[in-house]
$ cat my_file.cif   # mmCIF, C-alpha atoms
data_input
#
loop_
_atom_site.label_atom_id
_atom_site.label_comp_id
_atom_site.auth_asym_id
_atom_site.auth_seq_id
_atom_site.Cartn_x
_atom_site.Cartn_y
_atom_site.Cartn_z
CA MET Y 1176 -25.95 -39.53 185.50
CA PRO Y 1177 -29.67 -39.66 185.74
CA ARG Y 1178 -31.62 -42.76 185.01
CA LYS Y 1179 -34.45 -43.12 182.58
CA PRO Y 1180 -37.74 -41.66 183.77
CA ALA Y 1181 -40.94 -43.59 183.29
CA SER Y 1182 -43.02 -41.84 180.70
CA HIS Y 1183 -42.29 -38.15 180.44
CA ASP Y 1184 -41.55 -36.41 177.22
CA ALA Y 1185 -39.21 -33.49 177.61
CA SER Y 1186 -40.38 -31.96 174.34
CA ALA Y 1187 -43.66 -31.21 176.09
CA THR Y 1188 -41.90 -29.06 178.69
CA PRO Y 1189 -39.21 -27.09 176.93
CA VAL Y 1190 -36.94 -24.78 178.88
CA ARG Y 1191 -37.98 -21.28 177.91
CA ARG Y 1192 -35.25 -18.71 177.77
CA ARG Y 1193 -35.99 -15.08 178.34
CA GLY Y 1194 -34.21 -11.96 177.20
CA ARG Y 1195 -30.70 -12.04 175.91
CA PRO Y 1196 -29.78 -14.36 173.08
CA GLN Y 1197 -27.71 -17.29 174.20
CA GLY Y 1198 -24.86 -16.72 171.82
CA SER Y 1199 -23.97 -13.12 172.56
CA GLY Y 1200 -20.58 -12.73 174.23
CA VAL Y 1201 -21.20 -11.31 177.70
CA ALA Y 1202 -24.53 -13.08 178.08
CA ALA Y 1203 -23.02 -16.44 177.17
CA ALA Y 1204 -20.19 -15.94 179.64
CA THR Y 1205 -22.64 -14.97 182.38
CA ARG Y 1206 -24.84 -17.97 181.60
CA GLU Y 1207 -21.82 -20.26 181.88
CA ARG Y 1208 -20.85 -18.65 185.21
CA ILE Y 1209 -24.38 -19.17 186.55
CA LEU Y 1210 -24.37 -22.82 185.49
CA ARG Y 1211 -21.03 -23.44 187.15
CA ALA Y 1212 -22.23 -21.75 190.34
CA ALA Y 1213 -25.44 -23.82 190.25
CA VAL Y 1214 -23.52 -27.08 189.81
CA TYR Y 1215 -21.26 -26.17 192.72
CA ARG Y 1216 -24.05 -25.14 195.08
CA PHE Y 1217 -26.36 -28.05 194.20
CA ALA Y 1218 -23.44 -30.45 194.71
CA GLN Y 1219 -22.57 -28.89 198.05
CA SER Y 1220 -26.00 -28.55 199.67
CA GLY Y 1221 -28.48 -30.42 197.50
CA TYR Y 1222 -31.30 -29.03 195.38
CA ALA Y 1223 -33.88 -28.49 198.14
CA GLN Y 1224 -31.48 -26.57 200.36
CA THR Y 1225 -30.06 -24.32 197.63
CA SER Y 1226 -31.82 -21.06 196.79
CA ASN Y 1227 -31.59 -18.95 193.66
CA GLN Y 1228 -30.05 -16.28 195.89
CA ASP Y 1229 -27.26 -18.70 196.90
CA ILE Y 1230 -26.51 -19.38 193.24
CA ALA Y 1231 -26.68 -15.73 192.19
CA ARG Y 1232 -24.31 -14.84 195.03
CA ALA Y 1233 -21.88 -17.63 194.02
CA ALA Y 1234 -22.03 -16.40 190.42
CA GLY Y 1235 -21.43 -12.78 191.50
CA ILE Y 1236 -24.70 -11.42 190.11
CA THR Y 1237 -28.03 -10.29 191.56
CA SER Y 1238 -31.05 -12.59 191.89
CA GLY Y 1239 -32.85 -10.25 189.49
CA SER Y 1240 -30.22 -10.78 186.79
CA LEU Y 1241 -30.41 -14.52 187.29
CA TYR Y 1242 -34.06 -14.49 186.21
CA HIS Y 1243 -33.01 -13.03 182.86
CA TYR Y 1244 -31.31 -16.35 182.20
CA PHE Y 1245 -33.40 -18.95 184.00
CA ASP Y 1246 -37.10 -18.89 184.85
CA SER Y 1247 -36.89 -21.04 187.93
CA LYS Y 1248 -34.61 -23.14 190.11
CA ALA Y 1249 -35.93 -26.27 188.35
CA ALA Y 1250 -35.03 -24.82 184.93
CA LEU Y 1251 -31.59 -23.95 186.26
CA PHE Y 1252 -31.16 -27.47 187.64
CA HIS Y 1253 -32.00 -29.02 184.30
CA ALA Y 1254 -29.76 -26.68 182.34
CA ALA Y 1255 -26.94 -27.46 184.79
CA LEU Y 1256 -27.63 -31.18 184.47
CA ARG Y 1257 -27.65 -31.00 180.68
CA HIS Y 1258 -24.36 -29.07 180.70
CA THR Y 1259 -22.78 -31.46 183.21
CA THR Y 1260 -23.93 -34.61 181.46
CA VAL Y 1261 -22.64 -33.38 178.11
CA SER Y 1262 -19.29 -32.39 179.64
CA LEU Y 1263 -18.78 -35.67 181.52
CA LEU Y 1264 -19.92 -37.73 178.57
CA GLU Y 1265 -17.64 -35.83 176.20
CA THR Y 1266 -14.76 -36.45 178.60
CA TYR Y 1267 -15.32 -40.22 178.51
CA ARG Y 1268 -16.05 -40.31 174.79
CA GLY Y 1269 -12.97 -38.25 173.97
CA ALA Y 1270 -10.86 -40.71 175.96
CA CYS Y 1271 -12.41 -43.65 174.11
CA ARG Y 1272 -11.61 -41.97 170.79
CA ASP Y 1273 -8.05 -41.17 171.84
CA ALA Y 1274 -7.50 -44.72 173.12
CA ALA Y 1275 -9.31 -46.41 170.22
CA GLY Y 1276 -7.45 -49.59 169.35
CA GLN Y 1277 -6.62 -50.15 173.00
CA SER Y 1278 -8.76 -52.28 175.30
CA VAL Y 1279 -12.08 -51.10 176.69
CA VAL Y 1280 -10.49 -51.04 180.14
CA ASP Y 1281 -7.69 -48.82 178.81
CA GLN Y 1282 -10.26 -46.49 177.29
CA LEU Y 1283 -12.21 -46.34 180.52
CA CYS Y 1284 -9.10 -45.73 182.61
CA LEU Y 1285 -8.05 -42.86 180.35
CA GLY Y 1286 -11.56 -41.43 180.79
CA LEU Y 1287 -11.23 -41.76 184.58
CA GLU Y 1288 -7.89 -39.92 184.53
CA ARG Y 1289 -9.54 -37.08 182.63
CA VAL Y 1290 -12.44 -37.02 185.10
CA ILE Y 1291 -9.88 -36.51 187.91
CA ALA Y 1292 -8.59 -33.48 185.99
CA LEU Y 1293 -12.11 -32.23 185.26
CA ALA Y 1294 -13.07 -32.51 188.94
CA ARG Y 1295 -10.10 -30.31 189.88
CA ASP Y 1296 -11.01 -27.78 187.22
CA TRP Y 1297 -14.75 -27.61 187.85
CA PRO Y 1298 -15.70 -27.93 191.53
CA GLY Y 1299 -18.83 -29.94 192.10
CA ILE Y 1300 -19.33 -31.40 188.63
CA VAL Y 1301 -18.57 -34.99 189.64
CA ARG Y 1302 -20.74 -35.08 192.74
CA PHE Y 1303 -23.57 -33.17 191.05
CA GLY Y 1304 -23.59 -35.68 188.20
CA GLY Y 1305 -23.64 -38.60 190.61
CA ASN Y 1306 -26.42 -37.14 192.73
CA ALA Y 1307 -28.70 -36.01 189.91
CA ALA Y 1308 -30.80 -39.18 189.69
CA ALA Y 1309 -31.52 -39.10 193.43
CA GLU Y 1310 -32.33 -35.38 193.28
CA ILE Y 1311 -34.85 -35.92 190.50
CA ARG Y 1312 -36.36 -38.84 192.34
CA HIS Y 1313 -36.64 -36.95 195.61
CA ASN Y 1314 -37.87 -33.54 194.47
CA ARG Y 1315 -41.33 -33.48 193.00
CA GLU Y 1316 -40.75 -30.38 190.88
CA LEU Y 1317 -37.87 -32.19 189.13
CA ASP Y 1318 -40.00 -35.19 188.26
CA TRP Y 1319 -39.22 -35.28 184.54
CA LEU Y 1320 -36.13 -35.50 182.44
CA ASP Y 1321 -35.17 -35.34 178.81
CA SER Y 1322 -35.22 -39.03 177.92
CA GLU Y 1323 -32.28 -38.80 175.53
CA LEU Y 1324 -30.20 -37.19 178.27
CA ALA Y 1325 -31.37 -39.73 180.84
CA ALA Y 1326 -30.28 -42.60 178.61
CA ALA Y 1327 -26.91 -41.11 177.63
CA PHE Y 1328 -24.77 -42.62 180.40
CA PRO Y 1329 -26.52 -46.00 180.55
CA ASP Y 1330 -26.10 -46.18 176.75
CA PHE Y 1331 -22.44 -45.20 176.96
CA PHE Y 1332 -21.65 -48.06 179.35
CA ARG Y 1333 -23.83 -50.48 177.39
CA ASP Y 1334 -21.88 -49.68 174.21
CA LEU Y 1335 -18.60 -50.09 176.05
CA VAL Y 1336 -19.55 -53.50 177.43
CA ARG Y 1337 -20.75 -54.66 174.01
CA GLN Y 1338 -17.48 -53.54 172.49
CA ALA Y 1339 -15.59 -55.49 175.17
CA ALA Y 1340 -17.70 -58.59 174.45
CA ARG Y 1341 -17.13 -58.27 170.68
CA HIS Y 1342 -13.38 -58.03 171.16
CA GLY Y 1343 -13.20 -60.98 173.55
CA GLU Y 1344 -12.32 -58.71 176.47
CA LEU Y 1345 -15.25 -59.68 178.67
CA ALA Y 1346 -15.39 -62.91 180.68
CA SER Y 1347 -17.57 -65.46 178.90
CA ALA Y 1348 -21.10 -65.95 180.21
CA THR Y 1349 -21.15 -62.41 181.59
CA ASP Y 1350 -24.61 -60.85 181.65
CA LEU Y 1351 -24.10 -57.76 179.44
CA GLU Y 1352 -26.86 -55.69 181.02
CA GLY Y 1353 -25.55 -56.63 184.44
CA ALA Y 1354 -22.02 -55.57 183.53
CA ALA Y 1355 -23.20 -52.29 181.95
CA GLY Y 1356 -25.43 -51.56 184.94
CA LEU Y 1357 -22.51 -52.34 187.23
CA LEU Y 1358 -20.18 -49.85 185.52
CA LEU Y 1359 -22.87 -47.19 185.71
CA ALA Y 1360 -23.57 -47.90 189.38
CA LEU Y 1361 -19.87 -47.90 190.30
CA THR Y 1362 -19.30 -44.65 188.43
CA MET Y 1363 -22.20 -43.08 190.34
CA GLY Y 1364 -20.87 -44.43 193.64
CA LEU Y 1365 -17.43 -42.97 192.95
CA SER Y 1366 -19.03 -39.67 191.89
CA ILE Y 1367 -21.08 -39.21 195.03
CA SER Y 1368 -18.03 -40.11 197.12
CA HIS Y 1369 -16.43 -36.90 195.84
CA ASP Y 1370 -16.47 -34.18 198.43
CA THR Y 1371 -17.09 -30.84 196.77
CA ASP Y 1372 -14.47 -29.03 198.81
CA GLY Y 1373 -10.86 -30.07 198.95
CA ASP Y 1374 -11.13 -33.81 198.55
CA GLU Y 1375 -9.14 -34.01 195.32
CA GLU Y 1376 -6.24 -36.19 196.48
CA ALA Y 1377 -8.49 -38.67 198.27
CA PHE Y 1378 -10.82 -38.81 195.27
CA ALA Y 1379 -7.90 -39.43 192.91
CA ALA Y 1380 -6.67 -42.25 195.18
CA ARG Y 1381 -10.10 -43.92 195.01
CA VAL Y 1382 -10.26 -43.55 191.24
CA ARG Y 1383 -6.78 -45.05 190.84
CA ALA Y 1384 -7.72 -47.99 193.06
CA TYR Y 1385 -10.75 -48.38 190.78
CA GLU Y 1386 -8.51 -48.46 187.70
CA ARG Y 1387 -6.49 -51.26 189.32
CA LEU Y 1388 -9.71 -53.10 190.06
CA LEU Y 1389 -10.84 -52.75 186.42
CA ARG Y 1390 -7.49 -54.14 185.30
CA GLY Y 1391 -7.91 -57.11 187.62
CA GLU Y 1392 -4.87 -56.00 189.60
CA LEU Y 1393 -6.20 -54.65 192.90
CA PHE Y 1394 -6.56 -57.97 194.67
CA GLN Y 1395 -4.24 -60.91 194.23
CA GLY Y 1396 -3.21 -64.13 195.92
CA LYS Y 1397 -3.66 -67.84 195.93
CA HIS Y 1398 -7.26 -67.70 197.13
CA LEU Y 1399 -8.51 -65.98 194.00
CA ARG Y 1400 -9.83 -68.16 191.24
CA LYS Y 1401 -7.57 -67.06 188.39
CA MET A 1046 -23.89 -46.13 204.90
CA PRO A 1047 -23.59 -42.59 206.14
CA ARG A 1048 -20.30 -40.79 206.31
CA LYS A 1049 -18.79 -39.18 209.31
CA PRO A 1050 -20.31 -35.85 210.27
CA ALA A 1051 -18.05 -32.97 211.19
CA SER A 1052 -18.44 -32.25 214.85
CA HIS A 1053 -21.75 -33.40 216.20
CA ASP A 1054 -22.08 -35.52 219.27
CA ALA A 1055 -25.04 -37.86 219.15
CA SER A 1056 -25.05 -38.25 222.92
CA ALA A 1057 -26.26 -34.64 223.12
CA THR A 1058 -29.38 -35.48 221.09
CA PRO A 1059 -30.64 -38.86 222.26
CA VAL A 1060 -33.70 -40.41 220.66
CA ARG A 1061 -36.39 -40.29 223.32
CA ARG A 1062 -38.84 -43.15 223.40
CA ARG A 1063 -42.30 -42.65 224.74
CA GLY A 1064 -44.79 -45.03 226.25
CA ARG A 1065 -44.42 -48.76 225.83
CA PRO A 1066 -41.17 -50.44 226.75
CA GLN A 1067 -39.17 -51.57 223.76
CA GLY A 1068 -38.93 -55.19 224.81
CA SER A 1069 -42.60 -56.07 225.31
CA GLY A 1070 -43.91 -58.51 222.69
CA VAL A 1071 -46.60 -56.72 220.69
CA ALA A 1072 -44.91 -53.34 221.03
CA ALA A 1073 -41.59 -54.72 219.80
CA ALA A 1074 -43.27 -56.36 216.80
CA THR A 1075 -45.10 -53.13 215.96
CA ARG A 1076 -41.93 -51.12 216.31
CA GLU A 1077 -40.18 -53.50 213.91
CA ARG A 1078 -43.08 -53.22 211.45
CA ILE A 1079 -42.92 -49.42 211.58
CA LEU A 1080 -39.16 -49.45 210.97
CA ARG A 1081 -39.54 -51.76 207.98
CA ALA A 1082 -42.30 -49.57 206.56
CA ALA A 1083 -40.15 -46.47 207.10
CA VAL A 1084 -37.15 -48.02 205.36
CA TYR A 1085 -39.32 -49.01 202.41
CA ARG A 1086 -41.05 -45.63 202.05
CA PHE A 1087 -37.87 -43.58 202.54
CA ALA A 1088 -36.12 -45.76 199.94
CA GLN A 1089 -38.97 -45.37 197.50
CA SER A 1090 -39.70 -41.64 197.73
CA GLY A 1091 -36.94 -40.07 199.77
CA TYR A 1092 -37.12 -38.49 203.20
CA ALA A 1093 -38.57 -35.12 202.23
CA GLN A 1094 -41.41 -36.63 200.22
CA THR A 1095 -42.41 -39.24 202.78
CA SER A 1096 -44.88 -38.34 205.51
CA ASN A 1097 -45.53 -40.04 208.84
CA GLN A 1098 -48.99 -40.83 207.46
CA ASP A 1099 -47.42 -42.72 204.51
CA ILE A 1100 -45.33 -44.77 206.91
CA ALA A 1101 -48.21 -45.44 209.31
CA ARG A 1102 -50.36 -46.57 206.37
CA ALA A 1103 -47.59 -48.86 205.07
CA ALA A 1104 -47.20 -50.31 208.58
CA GLY A 1105 -50.96 -50.80 208.92
CA ILE A 1106 -51.39 -48.55 211.95
CA THR A 1107 -52.78 -45.05 212.59
CA SER A 1108 -50.61 -41.94 212.63
CA GLY A 1109 -51.62 -41.53 216.26
CA SER A 1110 -50.21 -44.95 217.17
CA LEU A 1111 -47.01 -44.16 215.32
CA TYR A 1112 -46.31 -41.29 217.72
CA HIS A 1113 -46.35 -43.74 220.63
CA TYR A 1114 -43.19 -45.19 219.12
CA PHE A 1115 -41.41 -42.27 217.48
CA ASP A 1116 -41.55 -38.58 218.32
CA SER A 1117 -40.89 -37.29 214.83
CA LYS A 1118 -40.03 -38.26 211.28
CA ALA A 1119 -36.39 -37.42 211.99
CA ALA A 1120 -36.36 -39.78 215.01
CA LEU A 1121 -37.94 -42.47 212.85
CA PHE A 1122 -35.34 -41.92 210.12
CA HIS A 1123 -32.51 -42.33 212.56
CA ALA A 1124 -33.98 -45.42 214.21
CA ALA A 1125 -34.48 -46.90 210.71
CA LEU A 1126 -30.93 -46.00 209.75
CA ARG A 1127 -29.52 -47.53 212.93
CA HIS A 1128 -31.53 -50.72 212.35
CA THR A 1129 -30.51 -50.88 208.68
CA THR A 1130 -26.84 -50.20 209.31
CA VAL A 1131 -26.66 -52.83 212.02
CA SER A 1132 -28.45 -55.38 209.79
CA LEU A 1133 -26.28 -54.73 206.73
CA LEU A 1134 -23.09 -54.66 208.77
CA GLU A 1135 -24.02 -57.89 210.55
CA THR A 1136 -24.67 -59.48 207.16
CA TYR A 1137 -21.17 -58.60 205.93
CA ARG A 1138 -19.49 -59.42 209.24
CA GLY A 1139 -21.26 -62.77 209.47
CA ALA A 1140 -20.01 -63.62 205.98
CA CYS A 1141 -16.45 -62.64 206.96
CA ARG A 1142 -16.66 -64.88 210.02
CA ASP A 1143 -18.09 -67.79 208.02
CA ALA A 1144 -15.43 -67.40 205.32
CA ALA A 1145 -12.57 -66.73 207.74
CA GLY A 1146 -9.46 -68.43 206.40
CA GLN A 1147 -10.51 -67.65 202.85
CA SER A 1148 -9.36 -64.54 200.99
CA VAL A 1149 -10.77 -61.10 201.69
CA VAL A 1150 -12.36 -61.16 198.24
CA ASP A 1151 -14.05 -64.48 199.07
CA GLN A 1152 -15.33 -63.01 202.32
CA LEU A 1153 -16.65 -59.94 200.54
CA CYS A 1154 -18.31 -62.01 197.79
CA LEU A 1155 -20.07 -64.18 200.38
CA GLY A 1156 -21.28 -60.97 202.03
CA LEU A 1157 -22.57 -59.71 198.67
CA GLU A 1158 -24.48 -62.95 198.07
CA ARG A 1159 -26.14 -62.52 201.46
CA VAL A 1160 -26.99 -58.91 200.66
CA ILE A 1161 -28.80 -60.15 197.51
CA ALA A 1162 -30.86 -62.43 199.77
CA LEU A 1163 -31.44 -59.66 202.31
CA ALA A 1164 -32.64 -57.27 199.58
CA ARG A 1165 -35.24 -59.84 198.48
CA ASP A 1166 -36.37 -60.36 202.05
CA TRP A 1167 -36.50 -56.72 203.15
CA PRO A 1168 -37.66 -54.34 200.40
CA GLY A 1169 -35.83 -51.04 200.42
CA ILE A 1170 -33.03 -51.83 202.86
CA VAL A 1171 -30.24 -51.72 200.28
CA ARG A 1172 -31.30 -48.50 198.60
CA PHE A 1173 -32.12 -46.82 201.91
CA GLY A 1174 -28.67 -47.69 203.24
CA GLY A 1175 -27.00 -46.34 200.11
CA ASN A 1176 -29.02 -43.12 200.12
CA ALA A 1177 -28.73 -42.32 203.81
CA ALA A 1178 -25.62 -40.16 203.58
CA ALA A 1179 -27.17 -37.99 200.86
CA GLU A 1180 -30.42 -37.73 202.80
CA ILE A 1181 -28.61 -36.52 205.90
CA ARG A 1182 -26.61 -34.10 203.83
CA HIS A 1183 -29.64 -32.71 202.04
CA ASN A 1184 -32.19 -32.41 204.84
CA ARG A 1185 -31.37 -29.86 207.49
CA GLU A 1186 -33.34 -31.59 210.25
CA LEU A 1187 -31.17 -34.70 209.75
CA ASP A 1188 -27.95 -32.76 210.11
CA TRP A 1189 -26.36 -34.94 212.78
CA LEU A 1190 -25.52 -38.56 213.15
CA ASP A 1191 -24.28 -40.93 215.81
CA SER A 1192 -20.56 -40.85 215.08
CA GLU A 1193 -20.01 -44.53 215.91
CA LEU A 1194 -22.74 -45.49 213.46
CA ALA A 1195 -21.41 -43.12 210.82
CA ALA A 1196 -17.96 -44.68 211.05
CA ALA A 1197 -19.15 -48.31 211.05
CA PHE A 1198 -19.08 -48.97 207.30
CA PRO A 1199 -15.93 -46.95 206.54
CA ASP A 1200 -14.24 -48.84 209.40
CA PHE A 1201 -15.48 -52.19 208.11
CA PHE A 1202 -13.92 -51.63 204.68
CA ARG A 1203 -10.75 -50.19 206.21
CA ASP A 1204 -10.32 -53.33 208.33
CA LEU A 1205 -10.95 -55.53 205.30
CA VAL A 1206 -8.34 -53.74 203.20
CA ARG A 1207 -5.80 -53.89 206.03
CA GLN A 1208 -6.43 -57.61 206.37
CA ALA A 1209 -5.89 -58.03 202.61
CA ALA A 1210 -2.63 -56.07 202.83
CA ARG A 1211 -1.42 -58.13 205.81
CA HIS A 1212 -2.10 -61.39 203.96
CA GLY A 1213 -0.43 -60.26 200.73
CA GLU A 1214 -3.74 -60.13 198.90
CA LEU A 1215 -3.55 -56.48 197.92
CA ALA A 1216 -1.45 -55.17 195.03
CA SER A 1217 1.75 -53.65 196.35
CA ALA A 1218 1.94 -49.85 196.54
CA THR A 1219 -1.85 -49.61 196.86
CA ASP A 1220 -3.04 -46.63 198.88
CA LEU A 1221 -4.95 -48.32 201.73
CA GLU A 1222 -7.28 -45.41 202.41
CA GLY A 1223 -7.95 -45.11 198.68
CA ALA A 1224 -8.80 -48.81 198.40
CA ALA A 1225 -11.04 -48.74 201.49
CA GLY A 1226 -12.77 -45.58 200.26
CA LEU A 1227 -13.21 -47.22 196.88
CA LEU A 1228 -14.93 -50.30 198.32
CA LEU A 1229 -17.24 -48.06 200.34
CA ALA A 1230 -18.05 -45.88 197.32
CA LEU A 1231 -18.69 -48.87 195.06
CA THR A 1232 -20.93 -50.48 197.67
CA MET A 1233 -22.92 -47.26 197.92
CA GLY A 1234 -23.16 -46.99 194.14
CA LEU A 1235 -24.46 -50.56 193.87
CA SER A 1236 -26.89 -49.90 196.73
CA ILE A 1237 -28.46 -46.82 195.20
CA SER A 1238 -28.74 -48.65 191.87
CA HIS A 1239 -31.23 -50.97 193.55
CA ASP A 1240 -34.76 -50.18 192.56
CA THR A 1241 -37.06 -50.65 195.53
CA ASP A 1242 -39.74 -52.42 193.52
CA GLY A 1243 -39.10 -55.55 191.50
CA ASP A 1244 -35.51 -55.02 190.43
CA GLU A 1245 -34.17 -58.12 192.16
CA GLU A 1246 -32.87 -60.06 189.14
CA ALA A 1247 -31.20 -57.02 187.59
CA PHE A 1248 -29.67 -56.09 190.95
CA ALA A 1249 -28.36 -59.64 191.42
CA ALA A 1250 -26.81 -59.50 187.92
CA ARG A 1251 -24.97 -56.28 188.78
CA VAL A 1252 -23.75 -57.70 192.09
CA ARG A 1253 -22.47 -60.86 190.39
CA ALA A 1254 -20.64 -58.78 187.78
CA TYR A 1255 -19.13 -56.90 190.73
CA GLU A 1256 -17.97 -60.18 192.29
CA ARG A 1257 -16.23 -61.04 189.02
CA LEU A 1258 -14.62 -57.63 188.99
CA LEU A 1259 -13.37 -58.12 192.56
CA ARG A 1260 -11.89 -61.48 191.54
CA GLY A 1261 -10.12 -59.82 188.62
CA GLU A 1262 -12.17 -61.90 186.19
CA LEU A 1263 -14.64 -59.50 184.60
CA PHE A 1264 -12.33 -58.09 181.95
CA GLN A 1265 -9.64 -60.05 180.18
CA GLY A 1266 -7.51 -59.92 177.07
CA LYS A 1267 -4.09 -59.13 175.74
CA HIS A 1268 -4.42 -55.40 176.31
CA LEU A 1269 -4.64 -55.71 180.08
CA ARG A 1270 -1.42 -55.39 182.00
CA LYS A 1271 -1.47 -58.69 183.86
#

$ encode --input "my_file.cif" --output "structure tokens"
Amino acid sequence: MPRKPASHDASATPVRRRGRPQGSGVAAATRERILRAAVYRFAQSGYAQTSNQDIARAAGITSGSLYHYFDSKAALFHAALRHTTVSLLETYRGACRDAAGQSVVDQLCLGLERVIALARDWPGIVRFGGNAAAEIRHNRELDWLDSELAAAFPDFFRDLVRQAARHGELASATDLEGAAGLLLALTMGLSISHDTDGDEEAFAARVRAYERLLRGELFQGKHLRK
Amino acid sequence: MPRKPASHDASATPVRRRGRPQGSGVAAATRERILRAAVYRFAQSGYAQTSNQDIARAAGITSGSLYHYFDSKAALFHAALRHTTVSLLETYRGACRDAAGQSVVDQLCLGLERVIALARDWPGIVRFGGNAAAEIRHNRELDWLDSELAAAFPDFFRDLVRQAARHGELASATDLEGAAGLLLALTMGLSISHDTDGDEEAFAARVRAYERLLRGELFQGKHLRK
């Protein structure tokens, strides 16, 4: 969930694709396998410490073949980030659609449940998504980002908070930008807490405690102002 | 707030200090200035993209002088991390002491208010603390950490959650490790959301929304199970 970059325009630096057309069966499947391997390896070791060879090996292809699909590690990172962002966003948006009519918190909790399932199904996606902003900030060659993509998650949480405010579900006098920024920050914190290998139960326990917190149920007692 | 490393023993790799004794007036002040500059620069640009020259310049000394205090960038990182962790932890612990007798949520909220003040006073400390675990994970030369230090924040939140459970302030059937891990993850997420330069009002707004969330007050409405 990358944050908005200062002034770059992604249209000025398109990702060129060599060779095989994206849609063709085997090529598309290989491209998907490479992206999944990249997400996993970047999540596990970080961008700087991951080589194209590592990714090719994880995808079960040669480094030479990898260059048919992606020009550079930076291009691969951005394709993986685009893929990841779209997948995570679609997960949350699908939950919001399916829970439309319920509260914003219900929608968000359904989204979180689906993210638990997604994390099991696609190793590394959650941590990679959470780390992306820091990776871009800390690696000079990644110092640009499609601005629409960068704004997607902040916008998603902003829309959610506005919806909550419209429906009287948000405490009065809440700073909307503060609340939206909070949900984004907490989602990123939870994401980077995910350990790429074998942390699924512990991650699910944290997410479920988060759902209780969102529902106002985690803490209780006479000392709370309620 | 770094996480526990696998099997390294920090006592095997002590930080050597050259030259001037740590306690002597001018030297101690210079050392403190270097650490502050390091925290700020690491927070701003990340470990890999920060040079000793950058830090020396920010501290107003020569690179040569810097080596009288720290052998290497990695030694400087770890001294900065130790300093930062102790400062942040003392901020939270002091709040818990001052709010002893109040609820765990009250204690935590007082700690968060003090962190807002600390962030204003010491540029970079919050983001640096939040990023440290990722930095250590993603830079090979930082691949070890004092295990006591690494456990300090996880232990702090674990103790807090246990205290809440003992006092009947935690929802029944809550997974204690999940709740403690959640608080740690959310704190890290909030920390890395801090922009090192001039983000103070926005950061404070996010933290205050977080306090409302902890109190169970951020979201409301008929759809919530309350």

$ atom_distance --input "my_file.cif" --atom1 "CA of Ala1212 (chain Y)" --atom2 "CA of Thr1266 (chain Y)"
20.2 Å

$ residues_around --input "my_file.cif" --residues "Ile1291 (chain Y)" --least-positions-apart "2" --cutoff "10 Å" --atoms "all atoms listed in the file" --output "PyMOL selection string"
chain Y and resi 1286-1289+1293-1296+1301+1375-1376+1378-1380+1382-1383

$ residues_around --input "my_file.cif" --residues "Ala1210 (chain A)" --least-positions-apart "2" --cutoff "12 Å" --atoms "only C-alpha atoms" --output "MDAnalysis selection string"
(chainID Y and resid 1393:1396) or (chainID A and resid 1148:1150 1203:1208 1212:1222 1224:1225)

$ atom_distance --input "my_file.cif" --atom1 "CA of Asp1240 (chain A)" --atom2 "CA of Thr1362 (chain Y)"
16.9 Å

$ residues_around --input "my_file.cif" --residues "Pro1199 (chain A)" --least-positions-apart "2" --cutoff "8 Å" --atoms "all atoms listed in the file" --output "PyMOL selection string"
chain A and resi 1048+1195-1197+1201-1203+1225-1226+1229
